[in-house]
Number of protein chains: 2
Amino acid sequence: MSSDDRRLSVLRAIVEDYVRTREPVGSKALVERHQLGVSSATIRNDMATLEDEGLIAQPHTSAGRVPTDAGYRLFVDRLTEVKPMSAPERRAIAGFLAGAVDLDDVVDRTVRLLASLTHQVAVVQYPSLTRSTVRHVEVVAMTAQRVLVVLIAGTGRVEQRVLELDDPVGEDVLAEVRNRVNAESAGRLLTEAAARLQSLPEQFPPEQRDLVRAVVRTLDEALVEEREERVVLAGAANLARFGQDFSQSIGPVLDALEEHVVLLRLLGELSDDPASVAVRIGRENEHAGLRSTSVVTSGYGRGAEVVAGLGVLGPTRMDYPSTMATVRAVARYVSRLLDG
Amino acid sequence: MSSDDRRLSVLRAIVEDYVRTREPVGSKALVERHQLGVSSATIRNDMATLEDEGLIAQPHTSAGRVPTDAGYRLFVDRLTEVKPMSAPERRAIAGFLAGAVDLDDVVDRTVRLLASLTHQVAVVQYPSLTRSTVRHVEVVAMTAQRVLVVLIAGTGRVEQRVLELDDPVGEDVLAEVRNRVNAESAGRLLTEAAARLQSLPEQFPPEQRDLVRAVVRTLDEALVEEREERVVLAGAANLARFGQDFSQSIGPVLDALEEHVVLLRLLGELSDDPASVAVRIGRENEHAGLRSTSVVTSGYGRGAEVVAGLGVLGPTRMDYPSTMATVRAVARYVSRLLDG
DNA sequence: GACTGGCACTCCGAAGGCAGGAGTGCCAGG
DNA sequence: CCTGGCACTCCTGCCTTCGGAGTGCCAGTC
């Protein structure tokens, strides 16, 4: 083992011990708990180097060392492989999710599951409309001047709008509109469908164009403009448990959690590979309120296509390997569920 | 002023000072800040009596006094009248709510408004389905064996379910079902509609009864069984600000907030008078996690009919008069909005 | 009988001092 | 390059002290 390698082992040991004990870890305790094969004096030298490299820091002179954000980053990138979950764990996840009856229930169960498995704050995004397909569009008259437009997405999510018309409209016209809209959009990506629908009004006789335009505009709204990406979260109380870990109060964190836009951005910046797990550590988060938290996220979806994200949020001092394993496993099972 | 009256004034002064300063208040400080017209020794005697009556308590010997739950209760019941809001305040509320574009937006804006006006945790319940009416039911085929059932409530809220059938069904049959279902339910209270629908299947030829039963069962689910009363909340970060006020950690409170069932029960126990504001103080709350919080709620609805509740939750040490005024004012404006 | 001034007493909380321990950096030697 | 040893720093916990705020009670006054 070269001395470089040993230094990395020391970093790993510091991270592991600090995560477990929440206390700055010193050279002596380190050699006692890990088989490093060298004396504490040597470790001290290594620690000095690690500190020069900005990977660890001491809260004050003559205290033990604590990993910095950069230290955690290196740990996550190079010192840990995602450990597979045990068979009983997998079965528990699969079993719990399998009981879900509809999309809302899937999301709800997923977020609770994540929170209870990781003991942290869990965030799950509803399958995004923009990246999924149109399964069906329904256009029905409720009264002569009031039309219900329903969009059913490939993910099972349903959006509906009520449309008030200036003039009454007949059922036959409506049926024609319904058929043409479906012909143009069913099975296509939402964005694609929206584009194709733009030219639809021209294909109708002038006196019907107002109606068609209104329907298209409503669908557009539902699809594109107000894409209304919903997120749900659970386990906020876990923040209180880990309260001391945050450099300041948990107030800013709670604030950030309430800003769903912030959460969506966190979940939005995902790679297209559903199997990969992304980690953002401390200052790496743009949002000021989250600069003492880490966020572990993964995409999920149908097959290889990512339609939404999920993840957990906790103190930078978190058990990254097992958190990452859990997030990955849950994302995988949810994807499987959506495929079925 | 009788000595009884003075004792109540003393209680009022203690509550007011304690709410403002967050510190136990002593006899000397009391005579300095309020015009009680007697000496501190007299106040001490009054305080001893109030303590015997269980209205105030001292954290330890030789400390000032703090109101008990019973003390707050008496204060709320007898020592405070709801102060009217100033004209600019009213205008701010009305203006902010008036910008809402749909029901979701109304609820969203309301909860944020409540949180920011009171600096506490705000809770708003979606207009409850059970107490409102059916505006329209839509039954449409998506494919031959997949039917979409949509329920539109009088409040504008929409619930939908997708129904998988064993056998294909024709559009004509579906139209008949749709008409009959609407004839039985449109304009009626949800519970009433649910009751009337029970006998519907028998009115159809035997080969169609399975379909009708399935539709009715689905509607039933949407209406009664899974009445899915939604609540939203905002301002959880305010808990952190007032962290020291809670006897223990804020963890249990956050836990309770996540249990929407608990929140719904809080909002559910309202009088039928939309103008009244209910206050539950400390131990008066059933839920263990909320025993050091107070909850101020009011119903809102269309006209005199209460369809849902809203309110705020904070430490027992809260400014009851202004919180109650705010809750009442917001409830009133939301009701007005729903009426329009 | 109600109120008041005075007084002794209690108790918390801040401030200071002290000892112990954990940890570090550095140095000289293997 | 590693190691043992040593001096030094600084936090932490503990104890003590001290002041202040507040109380309860009592005797005196209106």
# chains A, B, ... in the order shown; residues from 1 in each chain; ligands from 1
>>> select_by_dssp(residues="range 196-314 of chain A", states="strand (DSSP E or B)", output="list in words")
Val231, Val232, Leu233, Ala234, Val277, Ala278, Val279, Arg280, Ile281, Thr293, Ser294, Val295, Val296, Thr297, Ser298, Gly299, Tyr300, Gly301, Arg302, Glu305, Val306, Val307, Ala308, Gly309, Leu310, Gly311, Val312, Leu313 and Gly314 of chain A
>>> write_last_selection(atoms="N, CA and C atoms", output="short mmCIF file (atom, residue, chain, number, x, y, z; two decimals), in the first residue's frame")
data_model
loop_
_atom_site.label_atom_id
_atom_site.label_comp_id
_atom_site.auth_asym_id
_atom_site.auth_seq_id
_atom_site.Cartn_x
_atom_site.Cartn_y
_atom_site.Cartn_z
N VAL A 231 -44.37 17.67 -6.54
CA VAL A 231 -43.52 16.83 -5.70
C VAL A 231 -44.22 16.61 -4.36
N VAL A 232 -43.90 15.51 -3.75
CA VAL A 232 -44.38 15.27 -2.39
C VAL A 232 -43.17 14.95 -1.52
N LEU A 233 -43.30 15.25 -0.26
CA LEU A 233 -42.19 14.89 0.61
C LEU A 233 -42.67 14.29 1.91
N ALA A 234 -41.76 13.64 2.58
CA ALA A 234 -42.07 12.97 3.84
C ALA A 234 -40.83 12.93 4.70
N VAL A 277 -27.04 7.26 -9.64
CA VAL A 277 -27.46 8.02 -8.47
C VAL A 277 -26.59 9.27 -8.37
N ALA A 278 -27.22 10.41 -8.28
CA ALA A 278 -26.46 11.66 -8.19
C ALA A 278 -26.41 12.13 -6.74
N VAL A 279 -25.28 12.72 -6.37
CA VAL A 279 -25.12 13.22 -5.02
C VAL A 279 -24.66 14.66 -5.08
N ARG A 280 -25.36 15.52 -4.38
CA ARG A 280 -24.89 16.90 -4.28
C ARG A 280 -24.60 17.18 -2.81
N ILE A 281 -23.41 17.67 -2.55
CA ILE A 281 -22.91 17.74 -1.17
C ILE A 281 -22.72 19.18 -0.72
N THR A 293 -26.60 20.72 3.70
CA THR A 293 -27.26 19.43 3.50
C THR A 293 -26.70 18.74 2.25
N SER A 294 -26.91 17.46 2.20
CA SER A 294 -26.58 16.73 0.98
C SER A 294 -27.85 16.14 0.40
N VAL A 295 -27.85 16.01 -0.92
CA VAL A 295 -29.02 15.51 -1.60
C VAL A 295 -28.62 14.33 -2.47
N VAL A 296 -29.30 13.23 -2.30
CA VAL A 296 -29.02 12.03 -3.09
C VAL A 296 -30.23 11.75 -3.95
N THR A 297 -30.05 11.79 -5.27
CA THR A 297 -31.20 11.66 -6.15
C THR A 297 -30.97 10.60 -7.23
N SER A 298 -32.06 10.15 -7.77
CA SER A 298 -32.01 9.24 -8.90
C SER A 298 -33.23 9.48 -9.76
N GLY A 299 -33.11 9.21 -11.04
CA GLY A 299 -34.27 9.27 -11.90
C GLY A 299 -35.02 7.95 -11.84
N TYR A 300 -36.26 7.99 -12.22
CA TYR A 300 -36.96 6.73 -12.40
C TYR A 300 -37.87 6.89 -13.60
N GLY A 301 -38.39 5.79 -14.08
CA GLY A 301 -39.21 5.93 -15.28
C GLY A 301 -39.62 4.59 -15.82
N ARG A 302 -40.03 4.63 -17.08
CA ARG A 302 -40.42 3.37 -17.70
C ARG A 302 -39.24 2.92 -18.54
N GLU A 305 -36.26 5.16 -20.09
CA GLU A 305 -36.64 6.56 -20.19
C GLU A 305 -36.94 7.16 -18.82
N VAL A 306 -36.24 8.23 -18.48
CA VAL A 306 -36.43 8.87 -17.18
C VAL A 306 -37.62 9.82 -17.27
N VAL A 307 -38.62 9.63 -16.42
CA VAL A 307 -39.78 10.52 -16.45
C VAL A 307 -39.87 11.40 -15.22
N ALA A 308 -39.12 11.09 -14.18
CA ALA A 308 -39.18 11.91 -12.97
C ALA A 308 -38.04 11.52 -12.05
N GLY A 309 -37.92 12.24 -10.96
CA GLY A 309 -36.83 11.98 -10.03
C GLY A 309 -37.34 11.72 -8.63
N LEU A 310 -36.50 11.11 -7.85
CA LEU A 310 -36.78 10.96 -6.43
C LEU A 310 -35.46 11.01 -5.68
N GLY A 311 -35.53 11.18 -4.40
CA GLY A 311 -34.30 11.24 -3.64
C GLY A 311 -34.52 11.56 -2.18
N VAL A 312 -33.42 11.70 -1.48
CA VAL A 312 -33.52 12.08 -0.08
C VAL A 312 -32.55 13.23 0.20
N LEU A 313 -32.82 13.90 1.29
CA LEU A 313 -32.05 15.08 1.68
C LEU A 313 -31.72 14.95 3.16
N GLY A 314 -30.47 15.18 3.50
CA GLY A 314 -30.09 15.06 4.91
C GLY A 314 -28.83 15.87 5.17
#
>>> residues_around(residues="range 77-88 of chain A", least_positions_apart="3", cutoff="12 Å", atoms="only C-alpha atoms (C1' of nucleotides)", output="ChimeraX atom specification")
/A:5-16,70-74,91-95,117,275-281,319-330
>>> closest_atom_pairs(of="chain D", to="chain A", cutoff="12 Å", atoms="only C-alpha atoms (C1' of nucleotides)", output="tab-separated table")
residue	atom	partner	partner_atom	distance
D:DC1	C1'	A:Thr42	CA	9.4
D:DC2	C1'	A:Thr42	CA	6.7
D:DT3	C1'	A:Ser39	CA	6.9
D:DG4	C1'	A:Ala41	CA	8.5
D:DG5	C1'	A:Ala41	CA	10.4
D:DC8	C1'	A:Ser62	CA	9.5
D:DT9	C1'	A:Ser62	CA	6.1
D:DC10	C1'	A:Ser62	CA	6.0
D:DC11	C1'	A:Ala63	CA	7.8
D:DT12	C1'	A:Ala63	CA	11.7
>>> write_last_selection(atoms="N, CA and C atoms (P, O5', C5', C4', C3', O3' and C1' of nucleotides)", output="PDB file, in the first residue's frame")
ATOM      1  P    DC D   1       9.356   9.219   1.174  1.00  0.00           P
ATOM      2  O5'  DC D   1       8.904   8.374   2.445  1.00  0.00           O
ATOM      3  C5'  DC D   1       8.910   6.958   2.306  1.00  0.00           C
ATOM      4  C4'  DC D   1       8.850   6.359   3.671  1.00  0.00           C
ATOM      5  C3'  DC D   1       7.695   6.883   4.533  1.00  0.00           C
ATOM      6  O3'  DC D   1       6.904   5.780   4.952  1.00  0.00           O
ATOM      7  C1'  DC D   1       9.731   6.867   5.759  1.00  0.00           C
ATOM      8  P    DC D   2       5.565   6.039   5.640  1.00  0.00           P
ATOM      9  O5'  DC D   2       5.877   5.588   7.117  1.00  0.00           O
ATOM     10  C5'  DC D   2       6.392   4.280   7.319  1.00  0.00           C
ATOM     11  C4'  DC D   2       6.993   4.208   8.684  1.00  0.00           C
ATOM     12  C3'  DC D   2       6.016   4.524   9.821  1.00  0.00           C
ATOM     13  O3'  DC D   2       5.945   3.410  10.693  1.00  0.00           O
ATOM     14  C1'  DC D   2       8.075   5.669  10.111  1.00  0.00           C
ATOM     15  P    DT D   3       4.895   3.391  11.817  1.00  0.00           P
ATOM     16  O5'  DT D   3       5.695   3.899  13.080  1.00  0.00           O
ATOM     17  C5'  DT D   3       6.818   3.154  13.532  1.00  0.00           C
ATOM     18  C4'  DT D   3       7.461   3.871  14.691  1.00  0.00           C
ATOM     19  C3'  DT D   3       6.478   4.295  15.783  1.00  0.00           C
ATOM     20  O3'  DT D   3       6.831   3.658  16.997  1.00  0.00           O
ATOM     21  C1'  DT D   3       7.970   6.066  15.210  1.00  0.00           C
ATOM     22  P    DG D   4       5.803   3.416  18.125  1.00  0.00           P
ATOM     23  O5'  DG D   4       6.505   4.147  19.335  1.00  0.00           O
ATOM     24  C5'  DG D   4       7.896   3.955  19.537  1.00  0.00           C
ATOM     25  C4'  DG D   4       8.441   5.087  20.366  1.00  0.00           C
ATOM     26  C3'  DG D   4       7.551   5.509  21.537  1.00  0.00           C
ATOM     27  O3'  DG D   4       8.344   5.630  22.703  1.00  0.00           O
ATOM     28  C1'  DG D   4       8.034   7.390  20.154  1.00  0.00           C
ATOM     29  P    DG D   5       7.774   6.083  24.063  1.00  0.00           P
ATOM     30  O5'  DG D   5       8.159   7.624  24.031  1.00  0.00           O
ATOM     31  C5'  DG D   5       9.479   7.993  23.643  1.00  0.00           C
ATOM     32  C4'  DG D   5       9.647   9.495  23.768  1.00  0.00           C
ATOM     33  C3'  DG D   5       8.878  10.106  24.939  1.00  0.00           C
ATOM     34  O3'  DG D   5       9.686  11.106  25.549  1.00  0.00           O
ATOM     35  C1'  DG D   5       8.215  11.140  22.931  1.00  0.00           C
ATOM     36  P    DC D   8       6.248  24.078  26.429  1.00  0.00           P
ATOM     37  O5'  DC D   8       4.919  24.268  25.583  1.00  0.00           O
ATOM     38  C5'  DC D   8       4.978  24.210  24.166  1.00  0.00           C
ATOM     39  C4'  DC D   8       3.573  24.183  23.616  1.00  0.00           C
ATOM     40  C3'  DC D   8       2.577  25.017  24.412  1.00  0.00           C
ATOM     41  O3'  DC D   8       1.982  25.972  23.560  1.00  0.00           O
ATOM     42  C1'  DC D   8       1.708  22.862  23.949  1.00  0.00           C
ATOM     43  P    DT D   9       0.998  27.047  24.187  1.00  0.00           P
ATOM     44  O5'  DT D   9      -0.339  26.612  23.459  1.00  0.00           O
ATOM     45  C5'  DT D   9      -0.268  26.087  22.148  1.00  0.00           C
ATOM     46  C4'  DT D   9      -1.643  25.599  21.750  1.00  0.00           C
ATOM     47  C3'  DT D   9      -2.791  26.457  22.281  1.00  0.00           C
ATOM     48  O3'  DT D   9      -3.703  26.663  21.239  1.00  0.00           O
ATOM     49  C1'  DT D   9      -3.102  24.198  22.931  1.00  0.00           C
ATOM     50  P    DC D  10      -4.688  27.881  21.277  1.00  0.00           P
ATOM     51  O5'  DC D  10      -6.045  27.135  21.588  1.00  0.00           O
ATOM     52  C5'  DC D  10      -6.387  25.990  20.808  1.00  0.00           C
ATOM     53  C4'  DC D  10      -7.395  25.179  21.556  1.00  0.00           C
ATOM     54  C3'  DC D  10      -8.452  26.027  22.271  1.00  0.00           C
ATOM     55  O3'  DC D  10      -9.706  25.632  21.783  1.00  0.00           O
ATOM     56  C1'  DC D  10      -7.647  24.284  23.653  1.00  0.00           C
ATOM     57  P    DC D  11     -10.999  26.483  22.157  1.00  0.00           P
ATOM     58  O5'  DC D  11     -11.936  25.271  22.568  1.00  0.00           O
ATOM     59  C5'  DC D  11     -12.009  24.167  21.667  1.00  0.00           C
ATOM     60  C4'  DC D  11     -12.408  22.935  22.429  1.00  0.00           C
ATOM     61  C3'  DC D  11     -13.755  23.057  23.153  1.00  0.00           C
ATOM     62  O3'  DC D  11     -14.524  21.915  22.845  1.00  0.00           O
ATOM     63  C1'  DC D  11     -12.077  22.349  24.666  1.00  0.00           C
ATOM     64  P    DT D  12     -16.058  21.935  23.206  1.00  0.00           P
ATOM     65  O5'  DT D  12     -16.057  21.219  24.626  1.00  0.00           O
ATOM     66  C5'  DT D  12     -15.277  20.047  24.803  1.00  0.00           C
ATOM     67  C4'  DT D  12     -15.529  19.501  26.187  1.00  0.00           C
ATOM     68  C3'  DT D  12     -16.857  19.928  26.795  1.00  0.00           C
ATOM     69  O3'  DT D  12     -17.564  18.769  27.200  1.00  0.00           O
ATOM     70  C1'  DT D  12     -15.049  20.431  28.280  1.00  0.00           C
TER      71       DT D  12
END
>>> interface_residues(of="chain C", to="chain B", cutoff="10 Å", atoms="only C-alpha atoms (C1' of nucleotides)", output="ChimeraX atom specification")
/C:2-5,9-12
>>> residues_around(residues="DT16 in chain D", least_positions_apart="5", cutoff="12 Å", atoms="only C-alpha atoms (C1' of nucleotides)", output="list in words")
DA15, DG16, DG17 and DC18 of chain C
>>> closest_atom_pairs(of="chain A", to="chain B", cutoff="6 Å", atoms="only C-alpha atoms", output="CSV")
residue,atom,partner,partner_atom,distance
A:Ala237,CA,B:Leu254,CA,4.9
A:Ala240,CA,B:Gly251,CA,5.0
A:Gly251,CA,B:Ala237,CA,4.8
A:Leu254,CA,B:Ala237,CA,4.9
A:Asp255,CA,B:Ala237,CA,5.4
>>> write_last_selection(atoms="C-alpha atoms", output="CSV table (one decimal), in the first residue's frame")
chain,number,residue,atom,x,y,z
A,237,ALA,CA,-39.4,15.4,11.3
A,240,ALA,CA,-35.3,17.7,14.0
A,251,GLY,CA,-35.3,26.9,9.6
A,254,LEU,CA,-37.6,23.8,6.1
A,255,ASP,CA,-38.0,27.0,4.0
>>> residues_around(residues="Ala214 in chain B", least_positions_apart="2", cutoff="12 Å", atoms="only C-alpha atoms (C1' of nucleotides)", output="list of chain:residue names")
B:Val139, B:Arg146, B:Val147, B:Leu148, B:Val149, B:Arg161, B:Val162, B:Leu163, B:Glu164, B:Leu165, B:Asp166, B:Asp167, B:Val177, B:Leu197, B:Gln198, B:Leu200, B:Pro201, B:Gln208, B:Arg209, B:Asp210, B:Leu211, B:Val212, B:Val216, B:Arg217, B:Thr218, B:Leu219, B:Asp220, B:Glu221
>>> write_last_selection(atoms="N, CA and C atoms", output="compact mmCIF listing (two decimals), in the first residue's frame")
# COMPACT_ATOMS: atom_id res chain seq x y z
N VAL B 139 -68.87 9.87 -17.83
CA VAL B 139 -68.46 8.48 -18.02
C VAL B 139 -68.09 8.31 -19.49
N ARG B 146 -61.93 0.07 -21.24
CA ARG B 146 -61.39 0.97 -20.22
C ARG B 146 -62.23 2.23 -20.20
N VAL B 147 -62.82 2.50 -19.05
CA VAL B 147 -63.75 3.61 -18.93
C VAL B 147 -63.23 4.63 -17.92
N LEU B 148 -63.35 5.88 -18.28
CA LEU B 148 -62.95 6.95 -17.38
C LEU B 148 -64.18 7.52 -16.69
N VAL B 149 -64.14 7.56 -15.37
CA VAL B 149 -65.24 8.13 -14.60
C VAL B 149 -64.74 9.41 -13.95
N ARG B 161 -61.31 8.52 -11.97
CA ARG B 161 -60.83 7.15 -11.80
C ARG B 161 -60.89 6.46 -13.16
N VAL B 162 -59.95 5.59 -13.40
CA VAL B 162 -60.01 4.77 -14.59
C VAL B 162 -60.50 3.39 -14.19
N LEU B 163 -61.40 2.85 -14.97
CA LEU B 163 -62.09 1.62 -14.63
C LEU B 163 -61.80 0.58 -15.71
N GLU B 164 -61.28 -0.57 -15.29
CA GLU B 164 -61.00 -1.64 -16.25
C GLU B 164 -62.17 -2.62 -16.25
N LEU B 165 -62.69 -2.94 -17.43
CA LEU B 165 -63.86 -3.82 -17.50
C LEU B 165 -63.46 -5.21 -17.99
N ASP B 166 -64.28 -6.19 -17.61
CA ASP B 166 -64.03 -7.55 -18.08
C ASP B 166 -64.46 -7.70 -19.54
N ASP B 167 -65.59 -7.09 -19.87
CA ASP B 167 -66.11 -7.22 -21.24
C ASP B 167 -66.17 -5.85 -21.90
N VAL B 177 -75.88 4.95 -19.32
CA VAL B 177 -75.39 4.96 -17.93
C VAL B 177 -75.11 6.38 -17.50
N LEU B 197 -77.62 6.22 -5.82
CA LEU B 197 -77.00 5.42 -6.88
C LEU B 197 -77.04 3.93 -6.56
N GLN B 198 -77.17 3.61 -5.29
CA GLN B 198 -77.13 2.20 -4.90
C GLN B 198 -78.17 1.36 -5.65
N LEU B 200 -79.39 1.90 -8.57
CA LEU B 200 -79.34 2.11 -10.02
C LEU B 200 -79.16 0.82 -10.82
N PRO B 201 -78.25 -0.05 -10.42
CA PRO B 201 -78.01 -1.24 -11.25
C PRO B 201 -79.28 -2.02 -11.57
N GLN B 208 -76.25 -5.66 -18.42
CA GLN B 208 -75.50 -4.42 -18.25
C GLN B 208 -75.20 -4.10 -16.79
N ARG B 209 -75.76 -4.94 -15.92
CA ARG B 209 -75.65 -4.58 -14.50
C ARG B 209 -74.22 -4.59 -13.98
N ASP B 210 -73.44 -5.51 -14.52
CA ASP B 210 -72.06 -5.55 -14.06
C ASP B 210 -71.36 -4.22 -14.30
N LEU B 211 -71.58 -3.71 -15.49
CA LEU B 211 -70.98 -2.41 -15.82
C LEU B 211 -71.46 -1.33 -14.86
N VAL B 212 -72.78 -1.27 -14.71
CA VAL B 212 -73.34 -0.21 -13.87
C VAL B 212 -72.84 -0.35 -12.44
N VAL B 216 -70.86 2.49 -10.36
CA VAL B 216 -71.37 2.99 -9.08
C VAL B 216 -70.35 2.76 -7.99
N ARG B 217 -69.74 1.59 -8.02
CA ARG B 217 -68.75 1.29 -7.00
C ARG B 217 -67.58 2.30 -7.08
N THR B 218 -67.20 2.59 -8.30
CA THR B 218 -66.10 3.54 -8.49
C THR B 218 -66.46 4.92 -7.95
N LEU B 219 -67.67 5.35 -8.27
CA LEU B 219 -68.11 6.65 -7.78
C LEU B 219 -68.16 6.65 -6.26
N ASP B 220 -68.71 5.59 -5.74
CA ASP B 220 -68.80 5.43 -4.30
C ASP B 220 -67.44 5.62 -3.66
N GLU B 221 -66.50 4.93 -4.24
CA GLU B 221 -65.14 5.02 -3.73
C GLU B 221 -64.68 6.47 -3.72
>>> atom_distance(atom1="CA of Leu30 in chain B", atom2="CA of Asp52 in chain B")
19.1 Å
>>> decode(residues="range 232-291 of chain A", atoms="C-alpha atoms", output="CSV table (one decimal), in the first residue's frame")
chain,number,residue,atom,x,y,z
A,232,VAL,CA,-44.4,15.3,-2.4
A,233,LEU,CA,-42.2,14.9,0.6
A,234,ALA,CA,-42.1,13.0,3.8
A,235,GLY,CA,-39.9,12.6,6.9
A,236,ALA,CA,-39.4,16.3,7.7
A,237,ALA,CA,-39.4,15.4,11.3
A,238,ASN,CA,-36.1,13.6,10.7
A,239,LEU,CA,-34.6,17.0,10.4
A,240,ALA,CA,-35.3,17.7,14.0
A,241,ARG,CA,-33.6,14.4,15.0
A,242,PHE,CA,-30.4,15.4,13.2
A,243,GLY,CA,-30.8,19.0,14.2
A,244,GLN,CA,-27.4,19.5,15.7
A,245,ASP,CA,-25.8,18.5,12.4
A,246,PHE,CA,-26.8,21.6,10.5
A,247,SER,CA,-24.5,24.4,10.9
A,248,GLN,CA,-27.3,26.8,11.7
A,249,SER,CA,-30.9,26.2,12.5
A,250,ILE,CA,-33.1,23.9,10.5
A,251,GLY,CA,-35.3,26.9,9.6
A,252,PRO,CA,-33.7,27.6,6.2
A,253,VAL,CA,-33.9,24.0,5.3
A,254,LEU,CA,-37.6,23.8,6.1
A,255,ASP,CA,-38.0,27.0,4.0
A,256,ALA,CA,-36.3,25.4,1.1
A,257,LEU,CA,-38.4,22.3,1.4
A,258,GLU,CA,-41.5,24.4,1.1
A,259,GLU,CA,-40.3,25.9,-2.1
A,260,HIS,CA,-41.3,23.1,-4.5
A,261,VAL,CA,-39.5,24.9,-7.2
A,262,VAL,CA,-36.3,24.4,-5.5
A,263,LEU,CA,-37.0,20.7,-5.0
A,264,LEU,CA,-37.9,20.3,-8.6
A,265,ARG,CA,-34.7,21.8,-9.7
A,266,LEU,CA,-32.8,19.4,-7.4
A,267,LEU,CA,-34.6,16.5,-9.0
A,268,GLY,CA,-34.5,18.0,-12.5
A,269,GLU,CA,-30.8,17.9,-12.9
A,270,LEU,CA,-30.5,14.2,-13.5
A,271,SER,CA,-28.7,12.2,-16.0
A,272,ASP,CA,-30.7,10.2,-18.5
A,273,ASP,CA,-29.4,7.0,-17.1
A,274,PRO,CA,-32.1,5.7,-14.6
A,275,ALA,CA,-29.5,3.5,-12.8
A,276,SER,CA,-27.2,6.3,-11.8
A,277,VAL,CA,-27.5,8.0,-8.5
A,278,ALA,CA,-26.5,11.7,-8.2
A,279,VAL,CA,-25.1,13.2,-5.0
A,280,ARG,CA,-24.9,16.9,-4.3
A,281,ILE,CA,-22.9,17.7,-1.2
A,282,GLY,CA,-23.2,20.8,1.0
A,283,ARG,CA,-22.0,23.9,-0.9
A,284,GLU,CA,-22.5,22.2,-4.2
A,285,ASN,CA,-26.2,23.0,-3.8
A,286,GLU,CA,-27.1,26.3,-5.3
A,287,HIS,CA,-29.8,27.0,-2.8
A,288,ALA,CA,-28.4,28.9,0.2
A,289,GLY,CA,-30.7,27.1,2.6
A,290,LEU,CA,-29.3,23.8,1.6
A,291,ARG,CA,-25.6,24.5,1.9
